[in-house]
Each structure stands twice: as structure tokens, then as C-alpha cells.
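Colleague: Let me begin by handing over the structure; questions about it come next.
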Amino acid sequence: MKPLPMLRFALRGLWRELRSGEALVLFGALAVAVASMTAVGFFASRVSAGVAREATQVLAADLRIDSANPIPAGELAPARNDRLRRAEEISFPTALFHGDRSQLVAVNAVTPGYPLRGRVRVAAVPYGPAGAIATIPARGTVWLDSRTATALGLRPGASVRLGATRLRFTRVLAFRPDQSVGLVSLAPALLMNAADLPATALVQPGSRVTYAALFAGPPAAVAAVRAYLRAHPDPALRVREAAENSRELGSAIERASRFLNLASLAAVLLAAVGVAMSARRWAGRRIDGVALMKCLGATQRFVLGVALAELGAIGALALLAGTLAGAIAESGIAWLLRSLIERDLPAASARPIAVAAATELAMLLGFALPPLMPLKRTPPLRVLRRDVAPPRLRHGVAPGLALAALFAILWLMVRDTALVVDLAAGIAVVGAALAAAGFALVRLTRRFRGGVGVAWRYGLANVSRRGIASVLQVVAFGLGLMILLLLAVVRGDLMREWRASVGARAPNEFLINIRPQDAPALRRALAALGAPDAPMVPVIRARITAIDARPVASLHFASARGRAFAQREQNLTWSADPMPDNRVIAGRWWGPADYGKPWVSISTEYRDAMHLKLGDSISFDVAGEPLTVRVASIRRVRWDSFRPNFFLVFPPRLLDGAAGTLITSVYLGPRARPGLAELARRFPTITVIDVDAILAQVRTIIDRASLAVQYVSLFTLAAGVIVLLAAVQATRDERRHESAILRTLGASRFTVLSGVAAEFAALGLLSGLLGAAGAAGTGWWVAHHLFALRYAPDPKLWWLGILGGTGLVGVSGTLAARRVVGTPPAQSLRAEA
Amino acid sequence: MYPGPSGAGLALEASGLTKTVDSPSGPLTILADVDLGVRAGETVAIVGPSGAGKSTLLALLAGLDTPTRGRVAIAGTDLGRLDEDGRAALRGRQVGFVFQSFQLIPSLTALENVMLPLELAGDPNARVAATAALTEVGLGARLAHYPRQLSGGEQQRVAIARAFVTRPPLLFADEPTGNLDGATGRRIAQLLFERNRAAGSTLVLVTHDRELAARCDRIVALDAGRVAG
Ligand SMILES: Nc1ncnc2c1ncn2[C@@H]1O[C@H](COP(=O)(O)OP(=O)(O)OP(=O)(O)O)[C@@H](O)[C@H]1O
Ligand SMILES: [Mg+2]
């Protein structure tokens, strides 16, 4: 048969096919998967762009160049672009005078437009409520932070002397986006208009001034500047990009996108179950037609070709409809988050469509093709004998294809080989466990049916009689309920856990450069401020010199972060125990017997940036002393816990000789904050870094992720409904036939319907039980391995699972079967013939 | 009673046809050593009690199933030499079917059901020919109706139209009136023989119905899988 008539044949049947329930459910399952993937894909590309934009606030720009010399306005002229905005920031430390009092401050003189990213926040009085402001200080005025204002006893309107000029103090500076950039920022801060700078006469040749040029604009324009700078390296310039800043934000963003991806993965996997079930049914419904066509002269190739062409057409339509729905859903998300997303986000790319198409193809090949393939071997004898059926696929073919598809889907969505293997193994284990438990439970129902009424006896008899079909349904429902429970309960638990980790009392002040001899006194002083158990963590600075005896200068690092690690001094620490928010994911942490051994524990970021693995040897220069150590363990670090954390941790006693300082982080409430000024006076070496702003950003990201994940859960819910429909359809013919016979024998509609209800309720109960168990186990695994969070399953999980399963499956199954039961027996029996 | 196995010009020829199937109580022979020859244009009725093996014989003769032993030839072509697709192609060219349970595709209209064999054969005039065939069985006004909108007798008319639309030289019918009431059955039988005569086809008919069998040129009685004297 020529391909053309085959295609025409398939397409002509398509519309009718879509009106039949089976093809519609198949179409729905595919479309939901595509919609979920494209919506999340589009949305993630926007959110991550938005979040990356948020990260750029830390620089107050997309890209920033620091230099010890003035940066000429013409600098970078070749890379300039009309849409690139530019601002200047000139910073230096100096003394500020008010009457007879003085205070060391970090001056930040800025030009209009500053900050290019983020907002400056100001307050009317020291430590008062702050709000965002869109301008820079007017000429002749300065904004001072609360500590300086308090220390100098200033009221708004007071006059201060800065160098050779006098300026009026008008507002309290609460927050500058780039306040953590550079060392001068650690001192109390002053913000002024750069136009007033000449009058101060403070900027002279030889003074300690940092000039910064800030750039922001569309991604392409920023990329052009970056490329220009890379092509024309200037050792006097220090280029800073958003990515190298704020581990805390980076960690939170990564976690947020993991949540989002997992939520979408849940929807896709559930949809895959729906595809598998509806495709099976769809193929089953074709058998009679195929037998007849073969009887009338159709070849094997023809019947398979028609089926495949129809499947392909359904897939293409689902891709179209799903992408459309995904785009609409995405704009819904964007609307929901309109206040959080900045306006000039890059347009979402078309890449999510390609990924969704590939995933859909994997679903079709892995889950829809196996039940279709045997169709071509349908014996034409079936037109005479109903009981002959197509031979089954060879053993292992269908599971093999399904597993391959599962791998493909996971890889397309997760892109992390190790995680894919873990997830696939997890899903296979959960699936097998569900099947085994389902089998046992279905057998168990057989024992109960003696002791119940006729409706239940009929229902339970059906559960056990349908055997494999019941097990499959229990597994499908169980899987569906498990994923829904994961999203409904476990997600909430994890989100809460995460939120709690940056809760109201998360450390908001970092104290660095603490001399060891000051530690006891500082600890007491902090306790007096309400922070009793500040951890004192040793810090030593070191520079990496070689990896596996090859000098780092000769090595190439792919990431900006890797290059930064290779060039700059790194803070490191030693510790007897891993930090509480660290998880050792490879290798072994040291015991007392290992103290002093030349080992190091590295974080996953360091491993990735430096291309390291367990057992690699790394050489450091620790204050002039060479030190070579072996990678003994790898840790996943939750940077957003806001406790002191390090890329590199050594065992105790190894660094005994090295001189170092201590670091701590504490939570100080608003009322304790003024005490920091006193603390800074008592311990002059100590620098205080306020991370409240970053904390707030992390909290925003968590809330945003939480909202987005809830939105994505809607797709999972839709996929769950589709699985249910597919399951009800799977037994519809059988049910119609049985109900006709029962009613012919005199059973009332009510009795038959009660039997159906009993059957679905039993199925729902079993699946709810399994789903809750699966969700508890998976929740623990996900929390432990993916998020480094603690997790104790909520007891709610169990009764929600059992009640929800029984109710959801029982009620909707019964409702869906009602029409079948309601069909007059004569009509059903006639349709059978 | 029938020409020898080597007889030429036979529309259908079977020799030593045996079918054995596996059953829980060991192998079960449901058809044993059946020889049959049907001349072109002849009408043959296969009769016998329920379970005698009539449908089994029909399936083997039409190449819907393969015999355990023995051979079948349609218009001189040995079915044993063809693979499944080859047998399908041969059926498409040479054979028409009418079944007890009508076997219409529920998702296709009456017209589309009748067009099906023509389209499978790549006939560009399928629609015209199918419309004519349905008109000939008295359903010219029901072209767009789906099987479930038709009565049993009407469904069987559609099936008869479909069987003859390709002008097959050989026609198999398995209990064509089995699912119909007496009066309708007689009308359908009348139509079947009428169409068969008009087409000049060879007809092999399985039936319980003595009256129907009596209208055939020849009756082959089957009992417990063997041709009875
Ligand atoms: N594949 C099979 N496996 C087991 N038994 C079979 C198989 N095919 C046919 N039989 C048995 O062989 C016998 C003949 O079946 P067949 O359908 O040919 O009978 P029949 O003469 O057409 O009967 P009826 O008049 O009831 O249609 C029956 O007892 C049937 O159960
Ligand atoms: Mg029969």
C-alpha cells in the first residue's frame, strides 16, 4: 500500500478518533505534559532571568568595572550601544565631622541613574522604617546610614563637614544595592552626589579611591561589553559580573528552579502514566477494526502505518494545543507575579517547545508504541473468533522501551546524569514496590468478600477478578496520588522547612576579622545584645597553586567562578564536624584519628568550578607555606542558611601553625542593632556586614518559587484527572457488559452502581495507602538528597492519602461509570453483538 | 461428488485439511482430514451441529487461519505458499465476506464501511462504486448513517454491499442470518443469493438453517470435525 492512501486513511479517521474517548484521553495526557513543560520552561526562563536580574542588584548594575584610576567616559566606546545605561560611583574612606565629633565613613559619590539595578532605600530617622527612592542625593546634601547618624548625634537637616565643604544631612541611608561590594563598604556609609565631589577636595593624586563604571541594559548589549573586555584585557580594570556574587542568592535560585522542575516533572510523569494507559486502551479498541481490515486485504504494514500516522497526528495536535495552553498559562504566571518580575525581561525562548516536543516523542515511543506494535500481528481470524488476540510483545520489550523513555524524559528535564540515574532508580523502585503491594492487597480483597453485602461482594470480586488490570490501576492511582500528595503536603513541608531555615531569626549580621584573643569578650558582648551562642569559626586565607601537581596557571577553567577561584585568595576553615547545613554527598568526613591528615573537604560548587573529584590532590599557598592535600569528601552546602560556610574545609590540627581570624554570624533584632556601633568601637579590627537585604531577597525568591510551584501543581492535578479517566475507560466495555447482564438478571440500577462504587472505593483505598507510603519515602529522599533539608513526614499525609484516595477515586470512578451502568441493558447487549 | 484434488478450474480446493489446537486436556483435533472442491459459480452450504467445526473450516478456506496439516488453494493459488500479507492481498482481490455479527466498523458510516475494501485495494472510484452497491441493497438513503443507527437487518445489508462491492469471484458467509429474526433472515438470504447470482460468484455458506442450505447447489455436512457421508 502506498504511503499516501495510508496517510489519507489515517487523517480521515482522525476527527472521529478524537471524538472517541480513548483518543481524547491520549490527546489530553500528551497535551497536559506539553503544556506543563512549556509553561514551566517559558516561565523558568523568565523567572531565572528575573532572578538573575535580582542578583545583579548586588552590583547595582549588570556589569561593573572597578579601577584605582578614573575610568574615561570614552572607555569601552567601541562596545557602546544606545540601549546601554551607564553610571559612575567613586568610593573612598574619609572622616566626617559634626561639631567636635568625627566618624570614619565610606564615601560613595554617585552620578544620576545610580543604581542601575535595584533600589536605594532611605528612612526619615535612624533605624526608622525604610522605603525605596528613585533619585540620588540632591546637590549639597548627603544621606548617612543609621550608625553614623547615631554616632554623630545627627538630626535630619543638620550640617556636616566633608573635606573642604559642608553638606546637609537629609535622609538616613538604609540600603544600597551594592553595599557588599568592595572593602570600603564595610565601614559606615555615606551617599552623595558626585557633582559635589570637587568641592570636598578629598580626591587627590595618591588618595585611596576606587572608581567604578556601572553598566546595565539588554542582555545582548551587556554581552557585547563583556566580549569587548575579554578581547581587550586591561590589568588595571577589575570586571565584576553578577554571577560571581552572592552565593546565598545563587543557592536559593538553584533550589527554586529545582522545585519548579520537580513539580513539572511530576506532571509529566503522571501524564506519561495517562499516556501508557490510554494508548493501551486505544490500541485495544483498534483490534477489531484491524482484524477486519486484514480480512478485507490490508497488509501488516498498512494497518500499522495507519495506526502510527494517527498516533503521530494526535501527537502533533497535542503538541500544538499543549504549547498554546502552556503559553497562555505562562502569561497567567507572569500576571500573578507581575509585581515581582521586571519589565524588560528577555522574551521567553522557543527552546522549551523543542524540549517538550522531544519529551512528547519519548513518551509516544516509550509508552504508546508498545501497545500498538502487536496490532499488525492481529490474526484476521478474530472476525470469526472473538477470543483470539494479537500476540504479546516479546518479554521485556515493553518495560525496556518504557524504561528507556523514562530515562530520556528525565534527562531532557533534569540534565544531570547522576540525578537522572537516581530518579530513574527511585521511580523503578517505587513502581515495583507499588506493583508488589498492589498485588498483595488485591489478593487480600479476595478474603474479605465473604463477609460483606451483595454490592460490596460484587465490587470486591471485581477487584480481585480483574487481577492484573486491578494491580495496574492500583499502581497508576497510587502513583498519581503519591505525586499529588508530594505536591500538596510534602512540598508544603519542604517549603516551610526552607522558609524556616531563613526564618525571622536567620543570622542577619556577619562579623569578620575577629582576632582569636577577642573572641571570648566578643561572645559575651554579643550575648548581651541577645545573641548568646554565636559560633566562632576560624578563617585562614590561602591561594590555590596546583591541581594534581599541575600549576593552576596552566589549567583552563570553563566558568567565571572557576577562574576567580584560581586567581584569588580563598577563605578556608577547619572543623572537627561538618557544619549543620552541610551534607557530605561523596567520600568520608574525618574522625578524630584523621585529624592532622592532609585532607580537604570541598563544596559541590568548588568541585564543579575546578573540575575536581574525590582523591584529587590540591596544592595551596597558605601565607607563604605550601600545603598539598587530597579531596577526602564533597559537601552540598546550603549557603542560604546565612551561617558561616566555606568552599574548603580542612581537618583540625592541619593548619595549626597558620595565623587566622574568626568569623561569626548572628541574628540581631532592630533594637539590638544600634549596639553594633558600640561593638565596632570596642573591637576596632572587626568588620560588620549586614545581610538583611540579601536575606530579604532570598525570602522573596522562596515565596516566588512557592507560588510558581503551586501554579505548576495545577498541571499535575490535570494529569491526575486524565489518569483517572484513562483508568475508568480501561474497564468500561467490560463494565457495560456486566451491568447489562446483572440488570437483565434483575439487579436494580442502584445495586449495580453500589457494586461499582465499592470497587472504586476499594481501589482508591488501596492506592491511597500506597500513595501515602510512596510520598513519605520520596519526600524523605528528595529532602535529604536534593535539598539538604530535614524532613519528617506529616501524619496528615496518611489520612489525606487514604481518605483522599477513597473519596477521589471512589466518587469520580463511580460518576464516570454511571452512564455505562445507566445504559439500558438491551442497548448494551445489542452493541456487544 | 466433487472432482479430484488435481481438478483444474476449481474456485476453491482443500485437501487433507486438519486443525489441532492445544487445550487444557491435551491436543484437540477440531477438524480432521477434510477434502473439498468448489467449482467456479457453485454455491455450497456447510451444515452441522454447533461445535462441529464449520467456522473453523471457513477460516481455513479463507486463509484467515493456517491449518495444522493439509492445503487450501483459491483460484489455483496455494495459500500455504503465501505469507500473511500475501494471503491478505489475495483476499483483497478474490474474496468477499459476510459474517453472522455483521462486522461493520462502528466509527465509519455505512458508505465508508462499504468503501473500505475498495480503498484498501487503492480504487480511486471507491465512493461512486460504494454508493451504487448500497443503493443496490436498498440503502441508498442511509449512506451517512453509522452502524448503531441501523437495525440488524440493515447492518447485514451494508455487509452484503461491502462483500460484493469489489466483485470478488469467491464469497464466504458465516451464518449470515444467525443474528436476525425469521422474516428479516429470509429477506437477507434472498438478497444474498440475488446478489451472488448477479455477480456470478462462488459462494461458500455456513448455516444452521435447512431452508437456506437447501437453496445451495450442494450441501456439505460436518460432524465433530469430519465430513459426514
Ligand atoms: N483455538 C481454539 N482453541 C480451542 N478450541 C477451539 C479453538 N477453535 C475452535 N475450537 C473448538 O472447536 C470446536 C469447533 O468450533 P467452531 O467454531 O468451528 O464450531 P462451529 O461449527 O462454527 O459451531 P457454531 O455452530 O456454534 O458456530 C468448538 O468446540 C470450539 O470450541
Ligand atoms: Mg460457527
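Ordering of the C-alpha cells sets the chain letters (A, B, ...); residue numbers start at 1 within each chain; ligands are numbered from 1 in the order shown.
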As a count of residues only, please: every protein or nucleic acid residue near ligand 1 (cut-off 6 Å, counting only C-alpha atoms and all ligand atoms).
Modeller: 11
Colleague: Excluding B:Arg81 and any residue of its chain fewer than 3 positions from it, enumerate the residues within 12 Å of it, using only C-alpha atoms, and give them as a PDB file with N, CA, C and O atoms, in the first residue's frame.
Modeller:
```pdb
ATOM      1  N   GLY B  63      -8.250 -18.537   4.424  1.00  0.00           N
ATOM      2  CA  GLY B  63      -6.885 -18.115   4.757  1.00  0.00           C
ATOM      3  C   GLY B  63      -6.827 -17.198   5.952  1.00  0.00           C
ATOM      4  O   GLY B  63      -5.837 -16.490   6.157  1.00  0.00           O
ATOM      5  N   THR B  66      -4.301 -20.738   9.661  1.00  0.00           N
ATOM      6  CA  THR B  66      -3.497 -21.714   8.921  1.00  0.00           C
ATOM      7  C   THR B  66      -3.776 -23.115   9.472  1.00  0.00           C
ATOM      8  O   THR B  66      -3.902 -23.292  10.688  1.00  0.00           O
ATOM      9  N   ARG B  71      -3.832 -28.708   2.639  1.00  0.00           N
ATOM     10  CA  ARG B  71      -3.591 -27.496   1.861  1.00  0.00           C
ATOM     11  C   ARG B  71      -4.896 -26.917   1.341  1.00  0.00           C
ATOM     12  O   ARG B  71      -5.893 -27.625   1.165  1.00  0.00           O
ATOM     13  N   VAL B  72      -4.870 -25.597   1.110  1.00  0.00           N
ATOM     14  CA  VAL B  72      -6.017 -24.883   0.554  1.00  0.00           C
ATOM     15  C   VAL B  72      -5.525 -24.089  -0.636  1.00  0.00           C
ATOM     16  O   VAL B  72      -4.461 -23.488  -0.579  1.00  0.00           O
ATOM     17  N   ALA B  73      -6.278 -24.113  -1.723  1.00  0.00           N
ATOM     18  CA  ALA B  73      -5.939 -23.269  -2.869  1.00  0.00           C
ATOM     19  C   ALA B  73      -7.168 -22.469  -3.276  1.00  0.00           C
ATOM     20  O   ALA B  73      -8.270 -23.015  -3.344  1.00  0.00           O
ATOM     21  N   ILE B  74      -6.950 -21.168  -3.483  1.00  0.00           N
ATOM     22  CA  ILE B  74      -8.012 -20.316  -4.002  1.00  0.00           C
ATOM     23  C   ILE B  74      -7.641 -19.931  -5.417  1.00  0.00           C
ATOM     24  O   ILE B  74      -6.556 -19.394  -5.650  1.00  0.00           O
ATOM     25  N   GLY B  76      -6.539 -21.678  -7.675  1.00  0.00           N
ATOM     26  CA  GLY B  76      -5.268 -22.294  -8.060  1.00  0.00           C
ATOM     27  C   GLY B  76      -4.067 -21.801  -7.279  1.00  0.00           C
ATOM     28  O   GLY B  76      -2.975 -22.331  -7.426  1.00  0.00           O
ATOM     29  N   THR B  77      -4.215 -20.801  -6.419  1.00  0.00           N
ATOM     30  CA  THR B  77      -3.078 -20.320  -5.635  1.00  0.00           C
ATOM     31  C   THR B  77      -3.054 -21.025  -4.278  1.00  0.00           C
ATOM     32  O   THR B  77      -4.030 -20.961  -3.516  1.00  0.00           O
ATOM     33  N   ASP B  78      -1.945 -21.678  -3.999  1.00  0.00           N
ATOM     34  CA  ASP B  78      -1.808 -22.416  -2.740  1.00  0.00           C
ATOM     35  C   ASP B  78      -1.587 -21.415  -1.599  1.00  0.00           C
ATOM     36  O   ASP B  78      -0.587 -20.703  -1.572  1.00  0.00           O
ATOM     37  N   GLU B  84       1.338 -13.996   5.527  1.00  0.00           N
ATOM     38  CA  GLU B  84       0.079 -13.401   5.950  1.00  0.00           C
ATOM     39  C   GLU B  84      -0.339 -12.254   5.051  1.00  0.00           C
ATOM     40  O   GLU B  84      -1.503 -12.143   4.677  1.00  0.00           O
ATOM     41  N   ASP B  85       0.650 -11.404   4.703  1.00  0.00           N
ATOM     42  CA  ASP B  85       0.326 -10.280   3.827  1.00  0.00           C
ATOM     43  C   ASP B  85      -0.116 -10.764   2.457  1.00  0.00           C
ATOM     44  O   ASP B  85      -1.013 -10.189   1.837  1.00  0.00           O
ATOM     45  N   GLY B  86       0.520 -11.851   1.982  1.00  0.00           N
ATOM     46  CA  GLY B  86       0.169 -12.398   0.677  1.00  0.00           C
ATOM     47  C   GLY B  86      -1.261 -12.910   0.683  1.00  0.00           C
ATOM     48  O   GLY B  86      -2.027 -12.686  -0.262  1.00  0.00           O
ATOM     49  N   ARG B  87      -1.617 -13.589   1.772  1.00  0.00           N
ATOM     50  CA  ARG B  87      -2.991 -14.087   1.872  1.00  0.00           C
ATOM     51  C   ARG B  87      -3.972 -12.923   1.930  1.00  0.00           C
ATOM     52  O   ARG B  87      -5.045 -12.969   1.336  1.00  0.00           O
ATOM     53  N   LEU B  90      -4.454 -11.559  -1.450  1.00  0.00           N
ATOM     54  CA  LEU B  90      -5.285 -12.474  -2.237  1.00  0.00           C
ATOM     55  C   LEU B  90      -6.758 -12.300  -1.858  1.00  0.00           C
ATOM     56  O   LEU B  90      -7.636 -12.225  -2.725  1.00  0.00           O
TER      57      LEU B  90
END
```
Colleague: Collect all residues with atoms no farther than 12 Å from ligand 2, counting only C-alpha atoms and all ligand atoms, and output them as a count of residues only.
Modeller: 32
Colleague: Counting only C-alpha atoms, which of A:Gly274, A:Gly289, A:Gly284, A:Gly163 gets nearest to chain B?
Modeller: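 Answer, going by the shortest atom-to-atom distance: A:Gly289.
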Colleague: Please run DSSP on the backbone and report, as a PyMOL selection string, all residues within stretch 12-202 of chain B that come out as strand (DSSP E).
Modeller: chain B and resi 12-23+26-39+43-47+69-74+77-78+95-99+170-174+202
Colleague: Skipping near chain neighbours, those fewer than 6 positions away, what residues fall within 9 Å of A:Pro374 using only C-alpha atoms, listed as a list in words?
Modeller: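 Returned residues: Leu304, Pro390, Pro391, Arg392 and Leu393 of chain A.
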Colleague: Output as a list in words the set of chain B residues within 6 Å of chain A, with distances taken over only C-alpha atoms.
Modeller: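 Output check: Leu64, Asp65, Asp85, Ala88, Ala89, Arg91, Gly92, Ser101 and Pro117 of chain B.
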Colleague: Of the candidates B:Thr43, B:Thr135, B:Thr68, B:Ser15, which shows the shortest atom-to-atom distance to B:Phe193, using only C-alpha atoms?
Modeller: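 Once distances to B:Phe193 are computed over only C-alpha atoms, the minimum belongs to B:Thr43.
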Colleague: Could you check how far atom CA of A:Phe760 sits from atom CA of A:Val728, in Å to one decimal?
Modeller: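 Atom CA of A:Val728 lies 9.3 Å from atom CA of A:Phe760.
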Colleague: For the structure I just gave you, how does DSSP split stretch 2-229 of chain B - specifically, which residues are helix (DSSP H, G or I)? Reply as a short mmCIF file (atom, residue, chain, number, x, y, z; two decimals) with C-alpha atoms, in the first residue's frame.
Modeller:
```
data_model
loop_
_atom_site.label_atom_id
_atom_site.label_comp_id
_atom_site.auth_asym_id
_atom_site.auth_seq_id
_atom_site.Cartn_x
_atom_site.Cartn_y
_atom_site.Cartn_z
CA LYS B 54 -17.90 -25.16 10.49
CA SER B 55 -16.41 -21.80 11.36
CA THR B 56 -13.01 -23.37 11.72
CA LEU B 57 -13.26 -24.82 8.22
CA LEU B 58 -14.40 -21.49 6.82
CA ALA B 59 -11.49 -19.68 8.43
CA LEU B 60 -9.02 -22.14 6.93
CA LEU B 61 -10.64 -21.96 3.49
CA LEU B 79 -2.41 -20.41 0.45
CA GLY B 80 0.36 -22.33 2.21
CA ARG B 81 2.90 -20.70 -0.07
CA GLU B 84 0.08 -13.40 5.95
CA ASP B 85 0.33 -10.28 3.83
CA GLY B 86 0.17 -12.40 0.68
CA ARG B 87 -2.99 -14.09 1.87
CA ALA B 88 -4.45 -10.68 2.77
CA ALA B 89 -3.68 -9.39 -0.71
CA LEU B 90 -5.29 -12.47 -2.24
CA ARG B 91 -8.41 -11.97 -0.11
CA GLY B 92 -8.49 -8.35 -1.15
CA ARG B 93 -8.60 -9.37 -4.81
CA GLN B 94 -10.57 -12.60 -4.73
CA ALA B 110 -22.44 2.82 6.04
CA LEU B 111 -20.84 4.36 2.96
CA GLU B 112 -17.38 4.38 4.47
CA ASN B 113 -17.76 0.78 5.57
CA VAL B 114 -18.53 -0.23 2.03
CA MET B 115 -15.72 1.92 0.63
CA LEU B 116 -13.21 0.24 2.93
CA PRO B 117 -12.24 -2.78 0.77
CA LEU B 118 -12.07 -0.60 -2.34
CA GLU B 119 -9.82 1.88 -0.64
CA LEU B 120 -7.63 -0.88 0.66
CA ALA B 126 -14.45 3.94 -4.22
CA ARG B 127 -17.14 6.44 -3.36
CA VAL B 128 -19.12 6.00 -6.57
CA ALA B 129 -18.92 2.21 -6.51
CA ALA B 130 -19.86 2.04 -2.81
CA THR B 131 -22.82 4.34 -3.29
CA ALA B 132 -24.05 2.14 -6.13
CA ALA B 133 -23.58 -1.02 -4.05
CA LEU B 134 -25.58 0.42 -1.15
CA THR B 135 -28.32 1.54 -3.49
CA GLU B 136 -28.49 -1.98 -4.87
CA PRO B 147 -23.95 1.14 12.19
CA ARG B 148 -25.53 1.84 15.56
CA GLN B 149 -28.23 3.86 13.80
CA GLY B 152 -29.61 -5.67 12.42
CA GLY B 153 -31.10 -6.42 9.03
CA GLU B 154 -29.90 -3.10 7.66
CA GLN B 155 -26.45 -3.68 9.05
CA GLN B 156 -26.32 -7.03 7.30
CA ARG B 157 -27.37 -5.34 4.06
CA VAL B 158 -24.42 -2.98 4.43
CA ALA B 159 -22.20 -6.01 4.99
CA ILE B 160 -23.56 -7.65 1.84
CA ALA B 161 -22.97 -4.48 -0.15
CA ARG B 162 -19.43 -4.42 1.18
CA ALA B 163 -18.89 -8.09 0.31
CA PHE B 164 -19.90 -7.60 -3.32
CA VAL B 165 -18.52 -4.15 -3.97
CA GLY B 182 -37.01 -15.25 10.69
CA ALA B 183 -38.61 -12.77 8.32
CA THR B 184 -35.60 -10.48 8.15
CA GLY B 185 -33.36 -13.52 7.79
CA ARG B 186 -35.32 -14.70 4.80
CA ARG B 187 -35.13 -11.29 3.16
CA ILE B 188 -31.38 -11.13 3.77
CA ALA B 189 -30.91 -14.63 2.39
CA GLN B 190 -32.93 -13.63 -0.65
CA LEU B 191 -30.72 -10.59 -1.14
CA LEU B 192 -27.54 -12.61 -0.69
CA PHE B 193 -28.47 -15.17 -3.33
CA GLU B 194 -29.72 -12.47 -5.64
CA ARG B 195 -26.51 -10.50 -5.44
CA ASN B 196 -24.50 -13.68 -5.78
CA ARG B 197 -26.32 -14.68 -8.92
CA ALA B 198 -25.91 -11.21 -10.37
CA ALA B 199 -22.19 -11.25 -9.66
CA ARG B 210 -32.06 -26.04 6.50
CA GLU B 211 -34.08 -23.77 4.25
CA LEU B 212 -31.06 -21.65 3.46
CA ALA B 213 -28.89 -24.68 2.88
CA ALA B 214 -31.46 -26.12 0.53
#
```
Colleague: What gap, in Å, lies between atom CA of B:Arg167 and atom CA of B:Leu10?
Modeller: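 The value is 17.9 Å.
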